[in-house]
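*Asks:* Provided herewith is a single structure, encoded as structure tokens, for subsequent inquiry.
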Amino acid sequence: MIDVEEITKRYAETVAVDRLSFQVEKGEILGLLGPNGAGKTTTMRILTGYLAADSGKVTVAGLDLRDHSLEIRRLIGYLPENNPLYPDMGVMEYLLFIAAMRGLPKTGRRNRIDRVIELTGLEKMAHKNIGELSKGYCQRVGLAQAIVHDPEILILDEPTVGLDPNQIVEIRSLIQRFGADKTIILSSHILPEVAATCSRVIILNSGKLAGSGTPEEMSVRARGGNAVTFVLKGPVDAITEKLKSRGDIKKIEIKGDEGSGKTRFRVITDGSVDIRDAVFMMAVENQWVLSELYRESLSLEEIFQHLTIEEAVV
Amino acid sequence: MKGALALCRREFNAYFDSPVAYVFTVAFLSVTFWFFFRGFFVGNQIQMREYFFFLPWVFLIFIPAVTMRLWAEEKKMGTVEVLLTLPVKEYELVLGKFLAGFLFVFVSVFFSFSLPLTLSFLGKLDWGPVIGGYLGTCLLGAAYLSIGLFLSNFTKNQIVAFILTILLSFALFILGEDVILVNLPDFWVPFFSFLGLGKHFVSIQRGIIDSRDIVYYLSVTGFFLFLNVLFVTKRR
């Protein structure tokens, strides 16, 4: 549906997007992840035709963005960063304006807007001024504006930023409800956000692709091994010695003394080796009391840091 | 053209959504009426020369106040991003905004039509110069509006847009004045005298409707609207 090839965008001094390429399939929900200033907003602005890339090619639904900007803009619904709205306008008035600008036929316009208002749960606010609405409702208006024309593609720049947890859940379910058969790109720097909504994630850092895959794939890739944490009561040296003798252990971290002879260990092993059974057996054999044993899966936060920090060092 | 009309309607309503429209109309009428009545009872004549003499100077302050928000406000609020990603051509956006400003000024000018109506009851009014004056007003207004709309592109700050518009409009207005012309090499005199916004207004308000003057004002308006479209297209 969307094909981005080697796009680059420079601002006066900095390179905001640096030879970035990625594809989005029809029906996919793609998450653009990255720290602030990674180039998420610039990428979205290029896709929506607000900015032109300095070089590279963007194809949307088989059309080249350079030659068919207008047709592509028709296919896209866009919620820009910070959700800009006219505070002096009424909600209904604003949606009617957007519908008219998008050239929706006059006869069906009102019905469609009633439908969108229902979908976004704005019934009670329809005749209020946008300036009087809470942030959560403003976000719904922004979303309603983006879906007025029932677009094929929805591009949302940080749709949940600045909302409270309840509102985030509401907006998230709204996106999923609407996006059942749509192609969606959404950006965020909040990781669980992306993991909850997206089928695929792209991580951007300093305008470059730092990683991509499903949220699960990403965690396997970045882990590069398993981490097992346990607390044992016994001599630290002997335990370390025993662990080292296994030969498949990458790293042993002693996380601290837990008191009354107990020590917390964190052991990272190669690939898919799971040493939980071995730790248990070792504890039984040596009469060391085991009081905690679990395997961690690295969170998206860790993957994210891992990928972006590594990139920054290179 | 649907996009231009939809935008025009929004922009026009936007003036009335805030107190801007009411403050503007009242202030505009107060100032112009004051200039008119100042000389009216002294001169004891049924004519509006004074009125149309001062009008370009009043416009110099009032029109920039109308145009300053048109792009600058959108840039400040970020709504320009919504506007420019809608499937509407750039020229339609520019035209829509221009028409909204023009209609708004037209409404204020329309209210001042009570003056010639009153005069025609008091005595025999020569309608020629009055019609010419109003036509000139609309044309000059359109030229100022296109300048203001264009300059409103360059800043997020409405005050900056306001001042820039006053400066450029003023410069163009006095270009054809004698004070400027005498200091120029002979070769440039006809050129500058033709370019001045003010010179053309003088002949129209005498009631002489010369096609050259009309073409001149329309060209200036068209030129700045064209620059504006170019600017909006280029900034992507």
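Convention: chains lettered A, B, ... in structure tokens order; per-chain residue numbering from 1; ligands numbered from 1 as shown.
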Pick out the chain A residues within 10 Å of chain B. Count only C-alpha atoms. Give them as a ChimeraX atom specification.

*Replies:* /A:45-53,69-90,93-94,96-103,142,145-146

*Asks:* Contacts of segment 244-251 of chain A at 6 Å or less, counting only C-alpha atoms, minus same-chain residues fewer than 5 places along, as a ChimeraX atom specification?

*Replies:* /A:267-269

*Asks:* Could you take the residues named above and write them with all heavy atoms, as a PDB file, in the first residue's frame?

*Replies:*
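Generated file (again-v2.pdb):
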```pdb
ATOM      1  N   VAL A 267      21.649 -14.213  35.474  1.00  0.00           N
ATOM      2  CA  VAL A 267      22.497 -14.969  34.568  1.00  0.00           C
ATOM      3  C   VAL A 267      21.956 -14.846  33.155  1.00  0.00           C
ATOM      4  O   VAL A 267      20.771 -15.053  32.910  1.00  0.00           O
ATOM      5  CB  VAL A 267      22.533 -16.456  34.998  1.00  0.00           C
ATOM      6  CG1 VAL A 267      23.322 -17.263  33.993  1.00  0.00           C
ATOM      7  CG2 VAL A 267      23.140 -16.576  36.384  1.00  0.00           C
ATOM      8  N   ILE A 268      22.842 -14.462  32.255  1.00  0.00           N
ATOM      9  CA  ILE A 268      22.424 -14.361  30.852  1.00  0.00           C
ATOM     10  C   ILE A 268      23.077 -15.476  30.075  1.00  0.00           C
ATOM     11  O   ILE A 268      24.288 -15.689  30.162  1.00  0.00           O
ATOM     12  CB  ILE A 268      22.783 -12.991  30.270  1.00  0.00           C
ATOM     13  CG1 ILE A 268      21.999 -11.908  31.036  1.00  0.00           C
ATOM     14  CG2 ILE A 268      22.440 -12.915  28.785  1.00  0.00           C
ATOM     15  CD1 ILE A 268      22.331 -10.509  30.663  1.00  0.00           C
ATOM     16  N   THR A 269      22.272 -16.250  29.353  1.00  0.00           N
ATOM     17  CA  THR A 269      22.791 -17.403  28.624  1.00  0.00           C
ATOM     18  C   THR A 269      22.683 -17.171  27.125  1.00  0.00           C
ATOM     19  O   THR A 269      21.993 -16.268  26.680  1.00  0.00           O
ATOM     20  CB  THR A 269      21.988 -18.668  28.961  1.00  0.00           C
ATOM     21  OG1 THR A 269      20.621 -18.398  28.698  1.00  0.00           O
ATOM     22  CG2 THR A 269      22.171 -19.068  30.399  1.00  0.00           C
TER      23      THR A 269
END
```

*Asks:* Extract, using only C-alpha atoms, all DNA, RNA and protein residues at most 7 Å from Arg200 of chain A, discarding same-chain residues fewer than 4 positions from it, and format them as a PyMOL selection string.

*Replies:* chain A and resi 29-31+213-215

*Asks:* Quick one: everything within 10 Å of Gln287 of chain A, counting only C-alpha atoms, minus sequence neighbours fewer than 5 positions away in the same chain. Send it as a PyMOL selection string.

*Replies:* chain A and resi 232-234+281-282

*Asks:* Write out the residues from the selection above, keeping N, CA and C atoms, as a PDB file, in the first residue's frame.

*Replies:*
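Done, and the output landed in out_33.pdb:
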```pdb
ATOM      1  N   LEU A 232      19.638 -17.376  45.817  1.00  0.00           N
ATOM      2  CA  LEU A 232      20.100 -18.606  46.452  1.00  0.00           C
ATOM      3  C   LEU A 232      20.747 -18.296  47.789  1.00  0.00           C
ATOM      4  N   LYS A 233      20.569 -19.237  48.743  1.00  0.00           N
ATOM      5  CA  LYS A 233      21.241 -19.099  50.031  1.00  0.00           C
ATOM      6  C   LYS A 233      22.434 -20.053  50.021  1.00  0.00           C
ATOM      7  N   GLY A 234      23.632 -19.510  49.971  1.00  0.00           N
ATOM      8  CA  GLY A 234      24.811 -20.357  49.890  1.00  0.00           C
ATOM      9  C   GLY A 234      26.049 -19.526  49.611  1.00  0.00           C
ATOM     10  N   MET A 281      18.081 -27.914  40.078  1.00  0.00           N
ATOM     11  CA  MET A 281      18.797 -29.140  40.419  1.00  0.00           C
ATOM     12  C   MET A 281      20.058 -28.849  41.235  1.00  0.00           C
ATOM     13  N   MET A 282      20.756 -27.784  40.801  1.00  0.00           N
ATOM     14  CA  MET A 282      21.974 -27.372  41.497  1.00  0.00           C
ATOM     15  C   MET A 282      21.660 -27.009  42.946  1.00  0.00           C
TER      16      MET A 282
END
```

*Asks:* Write out as a PyMOL selection string all residues of segment 93-228 of chain B that DSSP puts in alpha helix (DSSP H) for this structure's backbone.

*Replies:* chain B and resi 93-111+114-122+127-151+158-174+178-181+189-195+197-205+211-228

*Asks:* Please provide the set of residues having any atom within 12 Å of Tyr15 of chain B, restricted to only C-alpha atoms, with same-chain residues fewer than 3 positions apart removed, written as a list of chain:residue names.

*Replies:*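 Returned residues: A:Asp88, A:Met89, B:Cys8, B:Arg9, B:Arg10, B:Glu11, B:Phe12, B:Ser18, B:Pro19, B:Val20, B:Ala21, B:Tyr22, B:Val23, B:Phe24, B:Thr25, B:Ala65, B:Val66, B:Thr67, B:Arg69, B:Leu70, B:Lys97, B:Ala100, B:Gly101, B:Phe102, B:Leu103, B:Phe104, B:Val105, B:Val107.
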
*Asks:* Set the distance at 10 Å and use only C-alpha atoms: which residues neighbour Cys138 of chain B once local chain neighbours fewer than 6 positions away are removed? I'd like the list as a VMD selection string.

*Replies:* chain B and resid 102 105 to 106 109 132 144 217

*Asks:* Do you have the atom CA of Met48 of chain B-atom CA of Val31 of chain B distance handy?

*Replies:*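 Straight-line distance from atom CA of Met48 of chain B to atom CA of Val31 of chain B works out to 14.7 Å.
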